[in-house]
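With compact mmCIF, C-alpha atoms inside, this is protein_15.txt:
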# COMPACT_ATOMS: atom_id res chain seq x y z
CA MET A 1042 78.05 110.23 102.36
CA LEU A 1043 77.93 111.55 98.80
CA LEU A 1044 74.78 112.37 96.83
CA LEU A 1045 74.62 112.42 93.04
CA LYS A 1046 71.48 114.38 92.20
CA ASN A 1047 69.66 115.25 89.00
CA CYS A 1048 70.83 112.02 87.36
CA PHE A 1049 69.05 110.18 84.61
CA ILE A 1050 69.54 106.42 84.88
CA LEU A 1051 68.01 103.47 83.10
CA ASP A 1052 65.20 101.76 84.95
CA LYS A 1053 63.46 98.93 83.11
CA GLY A 1054 64.76 100.27 79.81
CA ALA A 1055 63.64 103.89 80.30
CA LEU A 1056 65.57 106.92 81.51
CA LYS A 1057 64.28 108.13 84.87
CA LYS A 1058 65.38 111.00 87.08
CA ALA A 1059 67.07 109.74 90.21
CA SER A 1060 69.46 110.49 93.04
CA ILE A 1061 72.24 108.08 93.97
CA ILE A 1062 73.51 107.90 97.54
CA ILE A 1063 77.10 106.71 97.96
CA SER A 1064 78.60 105.51 101.20
CA GLY A 1065 82.38 105.29 100.95
CA GLU A 1066 83.08 103.31 97.78
CA THR A 1067 79.66 101.68 97.51
CA ILE A 1068 76.18 102.52 96.23
CA LYS A 1069 73.98 102.80 99.32
CA ASP A 1070 70.67 103.66 97.68
CA ILE A 1071 68.93 104.86 94.52
CA ILE A 1072 66.02 107.24 95.10
CA PHE A 1073 63.41 108.16 92.49
CA GLY A 1074 62.10 111.30 94.17
CA GLU A 1075 63.10 113.88 96.79
CA VAL A 1076 66.08 113.17 99.04
CA ASN A 1077 66.48 114.60 102.52
CA GLY A 1078 69.64 114.54 104.58
CA ASP A 1079 73.07 116.05 105.05
CA PHE A 1080 75.20 115.03 102.05
CA GLU A 1081 78.18 116.16 100.11
CA THR A 1082 76.46 116.76 96.77
CA ILE A 1083 77.37 116.55 93.10
CA ASP A 1084 74.70 117.98 90.82
CA VAL A 1085 74.89 116.01 87.59
CA GLY A 1086 72.69 118.58 85.88
CA GLY A 1087 70.36 116.19 84.09
CA LEU A 1088 73.06 114.17 82.38
CA THR A 1089 72.82 110.42 81.83
CA VAL A 1090 74.63 108.19 84.31
CA PHE A 1091 75.75 104.70 83.29
CA PRO A 1092 77.51 102.11 85.44
CA GLY A 1093 81.23 102.52 84.80
CA PHE A 1094 82.10 100.93 81.47
CA ILE A 1095 84.09 97.67 81.42
CA ASP A 1096 86.53 96.72 78.66
CA PRO A 1097 87.38 93.00 78.89
CA HIS A 1098 90.06 93.07 76.20
CA VAL A 1099 92.95 95.55 76.35
CA HIS A 1100 96.68 95.37 75.66
CA PHE A 1101 98.37 97.94 77.88
CA ASP A 1102 101.81 96.42 77.11
CA ASP A 1103 103.24 96.82 80.60
CA PRO A 1104 105.92 95.69 81.39
CA GLY A 1105 108.01 95.06 78.32
CA PHE A 1106 106.47 97.01 75.42
CA THR A 1107 106.07 100.35 77.15
CA ASP A 1108 107.40 102.24 74.14
CA ARG A 1109 103.94 101.53 72.69
CA GLU A 1110 101.77 101.89 75.79
CA ASP A 1111 102.02 101.56 79.55
CA PHE A 1112 99.49 101.13 82.31
CA GLU A 1113 99.44 104.82 83.17
CA THR A 1114 98.70 106.05 79.65
CA GLY A 1115 96.38 103.17 78.87
CA SER A 1116 94.35 103.52 82.05
CA LYS A 1117 94.17 107.31 81.67
CA SER A 1118 92.74 106.76 78.22
CA ALA A 1119 90.25 104.35 79.76
CA ILE A 1120 89.09 106.74 82.47
CA ALA A 1121 88.74 109.61 79.98
CA GLY A 1122 86.51 107.31 77.95
CA GLY A 1123 84.31 106.46 80.94
CA TYR A 1124 85.87 103.02 81.48
CA THR A 1125 86.36 102.29 85.17
CA THR A 1126 87.46 98.66 84.76
CA VAL A 1127 89.63 96.88 82.18
CA ILE A 1128 90.85 93.31 81.79
CA ASP A 1129 94.40 93.21 80.46
CA MET A 1130 95.63 90.44 78.18
CA PRO A 1131 98.53 88.17 79.22
CA CYS A 1132 100.43 88.04 75.94
CA THR A 1133 101.67 91.58 75.27
CA SER A 1134 103.86 92.05 78.30
CA ILE A 1135 107.29 90.65 79.13
CA PRO A 1136 107.22 88.11 80.58
CA PRO A 1137 103.75 86.89 79.57
CA VAL A 1138 101.34 86.10 82.41
CA ILE A 1139 101.60 82.30 82.20
CA ASN A 1140 102.53 81.44 85.81
CA LYS A 1141 102.30 82.88 89.30
CA GLU A 1142 105.79 84.40 89.23
CA ASN A 1143 105.07 86.36 86.05
CA PHE A 1144 101.68 87.40 87.41
CA ASP A 1145 103.21 88.75 90.62
CA TYR A 1146 105.93 90.57 88.69
CA LYS A 1147 103.42 92.30 86.43
CA LEU A 1148 100.99 93.17 89.21
CA ASN A 1149 103.74 94.77 91.29
CA ILE A 1150 104.65 97.06 88.38
CA VAL A 1151 101.26 98.08 87.02
CA GLN A 1152 99.23 98.52 90.20
CA LYS A 1153 101.18 101.69 90.99
CA LYS A 1154 100.24 103.23 87.63
CA ALA A 1155 96.57 102.31 87.25
CA PHE A 1156 94.00 105.10 87.05
CA CYS A 1157 91.18 102.57 86.61
CA ASP A 1158 90.44 99.25 88.29
CA PHE A 1159 91.77 96.24 86.44
CA ALA A 1160 91.74 92.47 86.21
CA PHE A 1161 94.03 90.08 84.35
CA TRP A 1162 93.68 87.32 81.84
CA GLY A 1163 95.99 84.38 82.39
CA GLY A 1164 97.91 82.58 79.69
CA VAL A 1165 98.96 79.11 78.58
CA THR A 1166 101.62 78.27 75.99
CA PRO A 1167 102.56 75.08 74.08
CA PRO A 1168 105.87 74.62 75.94
CA GLN A 1169 103.92 74.45 79.20
CA LEU A 1170 101.72 71.76 77.73
CA LYS A 1171 104.75 69.78 76.58
CA SER A 1172 106.40 69.94 80.02
CA GLY A 1173 103.19 69.35 81.95
CA GLU A 1174 103.66 72.61 83.84
CA TYR A 1175 100.32 73.96 82.62
CA VAL A 1176 98.25 71.93 85.11
CA ASN A 1177 99.77 73.71 88.10
CA SER A 1178 100.19 77.10 86.43
CA ILE A 1179 96.52 77.29 85.46
CA LYS A 1180 95.42 76.48 88.99
CA GLU A 1181 97.92 78.92 90.52
CA LEU A 1182 96.68 81.72 88.28
CA GLU A 1183 93.09 80.83 89.15
CA LYS A 1184 93.96 81.28 92.83
CA ARG A 1185 95.34 84.74 92.01
CA GLY A 1186 91.99 85.72 90.52
CA VAL A 1187 92.47 85.80 86.73
CA VAL A 1188 89.16 85.89 84.85
CA GLY A 1189 90.17 83.27 82.30
CA PHE A 1190 92.86 82.15 79.85
CA LYS A 1191 93.73 83.47 76.39
CA PHE A 1192 94.49 81.21 73.41
CA TYR A 1193 95.50 81.81 69.80
CA THR A 1194 94.84 79.68 66.74
CA ILE A 1195 97.25 82.03 64.95
CA SER A 1196 99.96 84.15 66.53
CA GLY A 1197 102.80 86.41 65.52
CA MET A 1198 104.26 86.46 69.05
CA LYS A 1199 107.40 84.42 69.68
CA ASP A 1200 106.74 84.07 73.42
CA TYR A 1201 103.04 83.28 72.99
CA PRO A 1202 102.60 80.78 70.14
CA ARG A 1203 99.43 79.44 68.59
CA MET A 1204 97.96 76.09 69.60
CA GLU A 1205 96.89 73.03 67.63
CA VAL A 1206 93.62 71.18 68.27
CA GLU A 1207 95.12 68.61 70.63
CA GLU A 1208 96.83 71.35 72.63
CA LEU A 1209 93.65 73.39 72.94
CA ASP A 1210 91.80 70.29 74.09
CA MET A 1211 94.39 69.60 76.79
CA ALA A 1212 94.33 73.16 78.09
CA PHE A 1213 90.54 73.55 77.90
CA ARG A 1214 90.09 70.46 80.09
CA VAL A 1215 92.20 71.91 82.90
CA VAL A 1216 90.64 75.38 82.60
CA LYS A 1217 87.22 73.72 82.85
CA GLU A 1218 88.16 72.50 86.34
CA THR A 1219 88.57 76.14 87.41
CA ASN A 1220 85.20 77.18 85.92
CA LEU A 1221 86.94 80.07 84.16
CA ILE A 1222 86.72 81.26 80.55
CA CYS A 1223 88.75 80.08 77.55
CA ALA A 1224 89.07 83.11 75.24
CA VAL A 1225 90.26 82.46 71.71
CA HIS A 1226 91.64 84.60 68.90
CA SER A 1227 90.05 82.60 66.09
CA GLU A 1228 91.66 82.70 62.65
CA ASP A 1229 92.73 79.56 60.84
CA PHE A 1230 96.53 79.49 60.69
CA ARG A 1231 96.84 77.46 57.50
CA LEU A 1232 94.67 79.73 55.40
CA VAL A 1233 96.20 82.94 56.69
CA ASN A 1234 99.77 81.69 56.56
CA PHE A 1235 99.49 80.42 52.99
CA TYR A 1236 97.67 83.37 51.46
CA SER A 1237 99.64 86.02 53.31
CA LYS A 1238 102.91 84.51 52.08
CA PHE A 1239 101.47 84.06 48.58
CA LEU A 1240 100.51 87.74 48.38
CA GLU A 1241 103.79 88.95 49.85
CA ASP A 1242 105.71 86.81 47.38
CA SER A 1243 103.53 88.31 44.63
CA LYS A 1244 104.85 91.75 45.68
CA ARG A 1245 101.42 92.96 46.78
CA LYS A 1246 101.88 95.79 49.28
CA ASP A 1247 98.49 97.52 49.17
CA PRO A 1248 96.07 97.53 52.15
CA LEU A 1249 93.67 95.17 50.39
CA ALA A 1250 96.40 92.51 50.39
CA TRP A 1251 96.23 92.46 54.19
CA CYS A 1252 92.52 91.63 54.07
CA GLU A 1253 92.96 89.01 51.37
CA GLY A 1254 95.82 87.41 53.25
CA ARG A 1255 93.78 87.24 56.47
CA ALA A 1256 91.20 85.30 54.49
CA TYR A 1257 87.55 85.88 55.40
CA GLU A 1258 86.94 82.14 55.77
CA ALA A 1259 89.75 81.85 58.32
CA GLU A 1260 87.57 83.22 61.12
CA PRO A 1261 84.55 80.90 60.78
CA MET A 1262 86.85 77.91 60.21
CA ALA A 1263 88.69 78.56 63.47
CA ILE A 1264 85.48 79.27 65.36
CA TRP A 1265 84.03 75.93 64.20
CA GLU A 1266 87.22 74.28 65.44
CA VAL A 1267 87.13 75.70 68.96
CA VAL A 1268 83.36 75.27 69.22
CA GLY A 1269 83.89 71.61 68.33
CA ILE A 1270 86.48 71.24 71.06
CA THR A 1271 84.26 73.02 73.58
CA ARG A 1272 81.30 70.81 72.68
CA ASN A 1273 83.41 67.78 73.56
CA VAL A 1274 85.15 69.21 76.62
CA GLY A 1275 82.28 71.24 78.15
CA ASN A 1276 84.35 74.32 79.02
CA LYS A 1277 83.29 77.98 78.88
CA LEU A 1278 84.27 79.58 75.57
CA HIS A 1279 84.61 83.22 74.54
CA ILE A 1280 85.34 84.41 70.99
CA VAL A 1281 87.28 87.66 70.96
CA HIS A 1282 87.00 90.48 68.38
CA LEU A 1283 84.40 88.86 66.12
CA THR A 1284 84.43 90.33 62.59
CA THR A 1285 82.29 88.19 60.27
CA LYS A 1286 78.63 87.40 59.72
CA ALA A 1287 79.67 83.80 59.04
CA GLY A 1288 81.37 83.58 62.43
CA LEU A 1289 78.31 85.06 64.12
CA GLU A 1290 76.09 82.37 62.63
CA ILE A 1291 78.26 79.70 64.27
CA ILE A 1292 78.01 81.45 67.64
CA LYS A 1293 74.22 81.59 67.29
CA TRP A 1294 74.21 77.87 66.49
CA GLY A 1295 76.37 77.12 69.53
CA LYS A 1296 74.06 79.03 71.84
CA LEU A 1297 71.04 77.19 70.46
CA LYS A 1298 72.83 73.90 71.15
CA GLY A 1299 73.44 74.88 74.77
CA ILE A 1300 77.18 75.45 74.42
CA ASP A 1301 78.49 77.94 76.98
CA ILE A 1302 79.76 80.48 74.44
CA THR A 1303 79.95 84.26 74.37
CA ALA A 1304 81.42 86.72 71.88
CA GLU A 1305 82.61 90.28 71.64
CA THR A 1306 83.18 92.64 68.76
CA CYS A 1307 85.01 95.97 68.56
CA PRO A 1308 84.14 99.57 67.64
CA HIS A 1309 86.29 99.51 64.49
CA TYR A 1310 84.51 96.45 63.10
CA LEU A 1311 81.21 98.23 63.71
CA SER A 1312 82.37 101.41 61.97
CA PHE A 1313 84.68 100.55 59.07
CA THR A 1314 84.88 98.22 56.07
CA VAL A 1315 87.51 97.11 53.57
CA GLU A 1316 86.77 100.24 51.54
CA ASP A 1317 87.75 102.37 54.53
CA LEU A 1318 91.02 100.45 54.89
CA LEU A 1319 91.84 101.25 51.26
CA ARG A 1320 91.15 104.94 51.96
CA ILE A 1321 92.72 105.28 55.41
CA GLY A 1322 95.60 102.84 55.03
CA PRO A 1323 97.89 101.52 57.80
CA VAL A 1324 96.23 103.49 60.62
CA LEU A 1325 93.25 101.11 60.26
CA LYS A 1326 95.34 97.94 60.07
CA THR A 1327 94.19 95.45 62.71
CA ALA A 1328 94.25 91.70 63.20
CA PRO A 1329 91.74 90.43 62.21
CA PRO A 1330 91.11 93.08 59.54
CA VAL A 1331 87.91 95.02 58.97
CA ARG A 1332 85.42 93.20 56.74
CA ASN A 1333 82.46 94.03 54.48
CA GLU A 1334 79.32 96.11 54.86
CA GLU A 1335 77.24 92.94 55.21
CA ASP A 1336 79.38 91.89 58.17
CA ARG A 1337 79.27 95.32 59.79
CA CYS A 1338 75.47 95.31 59.69
CA ALA A 1339 75.31 91.75 61.02
CA LEU A 1340 77.52 92.67 63.99
CA TRP A 1341 75.19 95.52 64.95
CA GLU A 1342 72.21 93.19 64.71
CA GLY A 1343 74.08 90.67 66.89
CA LEU A 1344 74.54 93.31 69.58
CA ARG A 1345 70.88 94.23 69.37
CA ASP A 1346 69.54 90.67 69.64
CA GLY A 1347 72.10 89.51 72.22
CA SER A 1348 73.94 86.95 70.10
CA ILE A 1349 77.03 89.15 70.54
CA ASP A 1350 77.38 89.73 74.26
CA PHE A 1351 79.44 92.89 74.55
CA VAL A 1352 81.83 95.36 72.96
CA ALA A 1353 85.55 95.27 73.73
CA THR A 1354 88.18 97.48 72.15
CA ASP A 1355 91.23 95.23 71.69
CA HIS A 1356 93.08 98.45 72.56
CA ALA A 1357 96.59 97.98 71.16
CA ALA A 1358 98.58 101.11 70.46
CA GLY A 1359 101.55 101.06 68.13
CA LYS A 1360 104.42 103.51 68.07
CA TYR A 1361 103.30 106.42 65.98
CA PRO A 1362 104.17 107.36 63.33
CA GLU A 1363 107.02 104.90 62.83
CA GLU A 1364 104.95 101.72 63.14
CA LYS A 1365 102.03 103.03 61.10
CA SER A 1366 103.57 104.79 58.11
CA HIS A 1367 105.34 102.14 56.01
CA LYS A 1368 104.54 101.96 52.30
CA SER A 1369 104.07 98.19 52.44
CA ILE A 1370 101.00 97.19 54.46
CA TRP A 1371 102.87 94.12 55.74
CA ASP A 1372 105.44 96.26 57.57
CA ASN A 1373 102.91 98.19 59.65
CA TYR A 1374 101.84 97.32 63.20
CA ALA A 1375 98.42 95.65 63.44
CA GLY A 1376 96.59 97.49 66.19
CA ILE A 1377 94.88 100.72 67.21
CA PRO A 1378 94.21 102.52 70.50
CA GLY A 1379 90.46 102.40 70.95
CA ILE A 1380 89.25 102.69 74.53
CA GLN A 1381 88.95 106.46 74.89
CA LEU A 1382 86.55 106.81 71.95
CA ALA A 1383 84.63 103.54 72.29
CA PHE A 1384 81.57 104.87 74.11
CA SER A 1385 81.25 107.80 71.72
CA VAL A 1386 81.50 105.49 68.71
CA ILE A 1387 78.84 103.12 70.05
CA CYS A 1388 76.59 106.04 71.03
CA THR A 1389 76.96 107.70 67.62
CA TYR A 1390 76.60 104.76 65.26
CA GLY A 1391 74.56 102.54 67.54
CA PHE A 1392 72.13 104.55 69.64
CA HIS A 1393 71.76 107.69 67.54
CA GLU A 1394 71.35 105.69 64.32
CA ASN A 1395 68.73 103.46 66.00
CA ARG A 1396 70.73 100.25 65.71
CA ILE A 1397 70.63 99.65 69.46
CA THR A 1398 68.70 101.01 72.42
CA LEU A 1399 70.10 102.73 75.50
CA GLN A 1400 69.49 99.49 77.40
CA ASN A 1401 71.47 97.56 74.78
CA MET A 1402 74.27 100.08 75.16
CA GLN A 1403 74.39 99.74 78.93
CA ASP A 1404 74.36 95.96 78.67
CA ILE A 1405 77.14 95.71 76.09
CA LEU A 1406 79.39 98.33 77.70
CA SER A 1407 78.94 97.45 81.38
CA GLU A 1408 76.70 94.72 82.71
CA ASN A 1409 77.28 91.75 80.41
CA ALA A 1410 81.06 91.71 80.77
CA SER A 1411 80.85 92.00 84.55
CA MET A 1412 78.52 89.00 84.68
CA ARG A 1413 80.53 86.86 82.26
CA PHE A 1414 83.86 87.42 83.98
CA GLY A 1415 82.69 87.34 87.58
CA LEU A 1416 83.31 91.00 88.46
CA MET A 1417 80.50 90.87 90.94
CA ARG A 1418 80.63 94.45 92.31
CA LYS A 1419 80.93 96.04 88.88
CA GLY A 1420 78.65 96.84 85.99
CA LYS A 1421 75.34 97.83 87.63
CA ILE A 1422 73.78 100.81 89.38
CA GLU A 1423 72.37 98.86 92.29
CA LYS A 1424 72.70 98.83 96.07
CA GLY A 1425 75.92 97.19 97.21
CA TYR A 1426 77.78 97.65 93.93
CA ASP A 1427 80.92 99.75 93.55
CA ALA A 1428 80.10 103.41 92.98
CA ASP A 1429 81.59 103.43 89.47
CA PHE A 1430 79.85 105.83 87.09
CA SER A 1431 80.26 107.17 83.58
CA ILE A 1432 78.42 110.48 83.39
CA VAL A 1433 77.73 111.35 79.77
CA ASP A 1434 76.07 113.91 77.56
CA LEU A 1435 74.31 111.77 74.97
CA ASN A 1436 73.89 114.71 72.60
CA LYS A 1437 77.23 116.50 72.81
CA SER A 1438 79.09 116.39 69.52
CA PHE A 1439 82.84 116.74 69.00
CA GLU A 1440 85.41 116.32 66.26
CA VAL A 1441 87.94 113.56 66.88
CA SER A 1442 91.54 114.70 67.17
CA PRO A 1443 94.38 112.28 67.96
CA LEU A 1444 96.00 115.02 70.04
CA ASP A 1445 93.19 114.62 72.58
CA LEU A 1446 94.03 110.97 73.23
CA TYR A 1447 95.88 110.02 76.42
CA SER A 1448 97.28 106.86 74.83
CA LYS A 1449 100.91 106.93 73.75
CA GLY A 1450 99.62 105.97 70.31
CA ARG A 1451 98.15 109.28 69.24
CA TYR A 1452 96.46 108.07 66.10
CA THR A 1453 92.97 106.85 65.29
CA PRO A 1454 91.01 105.88 62.17
CA PHE A 1455 88.21 108.07 63.54
CA GLU A 1456 90.32 111.22 63.09
CA GLY A 1457 88.17 114.07 61.78
CA ARG A 1458 84.86 112.31 62.35
CA ILE A 1459 82.10 114.05 64.30
CA LEU A 1460 80.94 111.81 67.14
CA LYS A 1461 77.80 112.42 69.19
CA GLY A 1462 77.92 111.41 72.84
CA LYS A 1463 80.69 112.46 75.23
CA VAL A 1464 81.97 111.46 78.65
CA ILE A 1465 81.73 114.48 80.96
CA LYS A 1466 82.76 112.95 84.28
CA THR A 1467 84.06 109.59 85.53
CA ILE A 1468 83.62 108.38 89.11
CA LEU A 1469 85.61 105.42 90.44
CA ARG A 1470 84.49 103.86 93.72
CA GLY A 1471 82.81 107.06 94.86
CA LYS A 1472 85.56 109.50 93.86
CA VAL A 1473 85.54 111.82 90.88
CA VAL A 1474 88.68 110.84 88.96
CA TYR A 1475 88.12 112.66 85.67
CA GLU A 1476 86.23 115.73 84.44
CA GLU A 1477 86.07 116.87 80.85
CA GLU A 1478 87.13 120.44 81.65
CA ARG A 1479 89.67 119.73 84.44
CA GLY A 1480 91.13 116.43 83.30
CA PHE A 1481 92.34 114.01 85.96
CA THR A 1482 91.67 115.00 89.54
CA GLY A 1483 94.35 113.05 91.36
CA LYS A 1484 96.95 110.30 91.38
CA PRO A 1485 96.40 106.69 90.25
CA THR A 1486 93.91 104.93 92.52
CA GLY A 1487 93.07 101.88 90.42
CA ARG A 1488 93.02 98.47 92.12
CA TYR A 1489 93.46 94.90 91.03
CA ILE A 1490 90.18 93.02 91.19
CA SER A 1491 89.79 89.25 90.99
CA HIS A 1492 86.99 87.21 89.47
Take the structure in the file and give it back as structure tokens.
Amino acid sequence: MLLLKNCFILDKGALKKASIIISGETIKDIIFGEVNGDFETIDVGGLTVFPGFIDPHVHFDDPGFTDREDFETGSKSAIAGGYTTVIDMPCTSIPPVINKENFDYKLNIVQKKAFCDFAFWGGVTPPQLKSGEYVNSIKELEKRGVVGFKFYTISGMKDYPRMEVEELDMAFRVVKETNLICAVHSEDFRLVNFYSKFLEDSKRKDPLAWCEGRAYEAEPMAIWEVVGITRNVGNKLHIVHLTTKAGLEIIKWGKLKGIDITAETCPHYLSFTVEDLLRIGPVLKTAPPVRNEEDRCALWEGLRDGSIDFVATDHAAGKYPEEKSHKSIWDNYAGIPGIQLAFSVICTYGFHENRITLQNMQDILSENASMRFGLMRKGKIEKGYDADFSIVDLNKSFEVSPLDLYSKGRYTPFEGRILKGKVIKTILRGKVVYEEERGFTGKPTGRYISH
């Protein structure tokens, strides 16, 4: 057995000194006091130990778009950031994960490369709805353990189109039978399509044109739409990468009405505004775009009061510099690699600036996602759970350099910023897999986990 000693863990909201006993891959006991016995020992040296972080929204692009990212580089970036589990999206791999054959094909490729544990989102597309195939494909993917199904109200992906109201209703009804989650990228297609084309035709190429084209009102309009469908259907709904105060108000309303709805936001929406996009340029281009200071503050308050359930990164690396250096904002890739820095960002601008507590941070980075997506052995430091740990120095500061990222996309809008809070060691199922000074300690050992 393995003993982690001189740990500080959260107990009822307060940090307490503890020892953690690990048997194989599992937490056997947590002791607040002296421990006797013959153990292999790791002295944590008074650092803070969190349950391994969970990112429920990543695009590791494997197979098919591996010139941008692959599962090895993406999962290395995760582990270096203290993330022991990720949930990969179905839409940014070729073929998309919309049936059992595509699922099996992807799993066979990526499981050999994974440094962290991982789950999958499943997908549904309009052609499947038209043919009727979706009924069987949803149930087949449910049997393979996907955590839910991803939908778009707007999409730039040829093989993964957006859905209209009647299509979302059809798909939601079948997903409801599986008791899984319907996750939606919520931006109103009509608003965004019209104003983006209008601004492009007006020869606007500046970063602000991207924000104006992805109209602010597009997010709350689309959220109202899918909340309305969910209220009629009774499915479980999740809003991905929330950016607006207006959208948050709808989610609060839905929760008050008893709708089964959750939401996530991302580190970049908590850290940057439109003014930063004007200054930084294409490196900060994302979809949806960053918003206003009022929205940024509202998102932090949503994390604090629980109306936003957790932080995800929407990790989506582009080829750098070629996909992030065009003069016209429209020609640049919309995405950033975010998972390696996410904890440090949340610790710096959340905990250290008194926007959230340590308990909030543990909930939004670990526990809440594991509960929502049925990852029952993840996300807590409790007996019987997987021995996944992120060992961090809450007070260690460092300057962000893209060269330190393990992602293929070695760029970040946080470049040059001083962040406070650093991952020192990552343990996956009882094995040290990463140390700040040594790097990675072995070969990929990540496993596929089902809901």
All file atoms of segment 1483-1487 of chain A boxed axis-aligned, 5 Å per side, centre plus edges, as AutoDock Vina command-line options:
--center_x 95.0 --center_y 107.5 --center_z 91.4 --size_x 13.9 --size_y 21.2 --size_z 12.3
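Atom pair atom CA of Gly1471 of chain A / atom CA of Arg1185 of chain A: separated by 25.8 Å.
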Any idea what's packed within 8 Å of Ser1431 of chain A, counting only C-alpha atoms, ignoring anything in its chain fewer than 6 positions away? Could you give it as number ranges by chain? A: 1090-1094, 1123-1125, 1464-1468
Go ahead and write the residues just picked, C-alpha atoms, as a tab-separated table (two decimals), keeping the file's coordinate frame.
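Output file selection-v7.tsv is given in full below:
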chain	number	residue	atom	x	y	z
A	1090	VAL	CA	74.63	108.19	84.31
A	1091	PHE	CA	75.75	104.70	83.29
A	1092	PRO	CA	77.51	102.11	85.44
A	1093	GLY	CA	81.23	102.52	84.80
A	1094	PHE	CA	82.10	100.93	81.47
A	1123	GLY	CA	84.31	106.46	80.94
A	1124	TYR	CA	85.87	103.02	81.48
A	1125	THR	CA	86.36	102.29	85.17
A	1464	VAL	CA	81.97	111.46	78.65
A	1465	ILE	CA	81.73	114.48	80.96
A	1466	LYS	CA	82.76	112.95	84.28
A	1467	THR	CA	84.06	109.59	85.53
A	1468	ILE	CA	83.62	108.38	89.11
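Taking atom CA of Ile1270 of chain A and atom CA of Cys1252 of chain A as the two end points, the separation is 27.2 Å.
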Do you know which residues are at most 12 Å from Glu1113 of chain A counting all atoms listed in the file, after dropping those on the same chain fewer than 3 positions away, and could you put them as a ChimeraX atom specification? /A:1101-1104,1107,1109-1110,1116-1120,1150-1159,1447-1449,1481,1484-1487
Once you count only C-alpha atoms, what closest atom pair and distance in Å to one decimal does each residue of segment 1212-1292 of chain A within 6 Å of segment 1305-1323 of chain A have, with rows by chain and rising residue number, as a Markdown table?
| residue | atom | partner | partner_atom | distance |
| --- | --- | --- | --- | --- |
| A:Pro1248 | CA | A:Leu1319 | CA | 5.7 |
| A:Val1281 | CA | A:Glu1305 | CA | 5.4 |
| A:His1282 | CA | A:Thr1306 | CA | 4.4 |
| A:Leu1283 | CA | A:Thr1306 | CA | 4.8 |
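Distances here use only C-alpha atoms; by that measure, the residue among A:Gln1381, A:Phe1392, A:Gly1425, A:Thr1089 closest to Gly1122 of chain A is A:Gln1381.
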Can you pull out the residues contacting segment 1403-1411 of chain A? Cut-off 8 Å, using only C-alpha atoms, and skip same-chain residues under 4 positions away; I want them as a PyMOL selection string. chain A and resi 1091-1097+1344+1350-1353+1384+1399+1415-1417+1419-1421
For the residues in that selection, give me C-alpha atoms as a PDB file, keeping the file's coordinate frame.
ATOM      1  CA  PHE A1091      75.750 104.700  83.290  1.00  0.00           C
ATOM      2  CA  PRO A1092      77.510 102.110  85.440  1.00  0.00           C
ATOM      3  CA  GLY A1093      81.230 102.520  84.800  1.00  0.00           C
ATOM      4  CA  PHE A1094      82.100 100.930  81.470  1.00  0.00           C
ATOM      5  CA  ILE A1095      84.090  97.670  81.420  1.00  0.00           C
ATOM      6  CA  ASP A1096      86.530  96.720  78.660  1.00  0.00           C
ATOM      7  CA  PRO A1097      87.380  93.000  78.890  1.00  0.00           C
ATOM      8  CA  LEU A1344      74.540  93.310  69.580  1.00  0.00           C
ATOM      9  CA  ASP A1350      77.380  89.730  74.260  1.00  0.00           C
ATOM     10  CA  PHE A1351      79.440  92.890  74.550  1.00  0.00           C
ATOM     11  CA  VAL A1352      81.830  95.360  72.960  1.00  0.00           C
ATOM     12  CA  ALA A1353      85.550  95.270  73.730  1.00  0.00           C
ATOM     13  CA  PHE A1384      81.570 104.870  74.110  1.00  0.00           C
ATOM     14  CA  LEU A1399      70.100 102.730  75.500  1.00  0.00           C
ATOM     15  CA  GLY A1415      82.690  87.340  87.580  1.00  0.00           C
ATOM     16  CA  LEU A1416      83.310  91.000  88.460  1.00  0.00           C
ATOM     17  CA  MET A1417      80.500  90.870  90.940  1.00  0.00           C
ATOM     18  CA  LYS A1419      80.930  96.040  88.880  1.00  0.00           C
ATOM     19  CA  GLY A1420      78.650  96.840  85.990  1.00  0.00           C
ATOM     20  CA  LYS A1421      75.340  97.830  87.630  1.00  0.00           C
TER      21      LYS A1421
END
Measuring atom to atom with all atoms listed in the file, identify which of A:Glu1174, A:Glu1181, A:Glu1081, A:Asp1429 is nearest to Ala1212 of chain A. A:Glu1174
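Between atom CA of Tyr1175 of chain A and atom CA of Arg1488 of chain A the separation is 27.3 Å.
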Can you tell me, as an MDAnalysis selection string, what residues are no more than 9 Å from segment 1192-1205 of chain A when counting all atoms listed in the file, ignoring any on the same chain fewer than 4 positions away? chainID A and resid 1132:1133 1135:1137 1164:1167 1209:1210 1223:1231 1233:1234 1263 1267
Keeping C-alpha atoms for every residue in the selection just given, could you write it to a file as a tab-separated table (two decimals), keeping the file's coordinate frame?
chain	number	residue	atom	x	y	z
A	1132	CYS	CA	100.43	88.04	75.94
A	1133	THR	CA	101.67	91.58	75.27
A	1135	ILE	CA	107.29	90.65	79.13
A	1136	PRO	CA	107.22	88.11	80.58
A	1137	PRO	CA	103.75	86.89	79.57
A	1164	GLY	CA	97.91	82.58	79.69
A	1165	VAL	CA	98.96	79.11	78.58
A	1166	THR	CA	101.62	78.27	75.99
A	1167	PRO	CA	102.56	75.08	74.08
A	1209	LEU	CA	93.65	73.39	72.94
A	1210	ASP	CA	91.80	70.29	74.09
A	1223	CYS	CA	88.75	80.08	77.55
A	1224	ALA	CA	89.07	83.11	75.24
A	1225	VAL	CA	90.26	82.46	71.71
A	1226	HIS	CA	91.64	84.60	68.90
A	1227	SER	CA	90.05	82.60	66.09
A	1228	GLU	CA	91.66	82.70	62.65
A	1229	ASP	CA	92.73	79.56	60.84
A	1230	PHE	CA	96.53	79.49	60.69
A	1231	ARG	CA	96.84	77.46	57.50
A	1233	VAL	CA	96.20	82.94	56.69
A	1234	ASN	CA	99.77	81.69	56.56
A	1263	ALA	CA	88.69	78.56	63.47
A	1267	VAL	CA	87.13	75.70	68.96
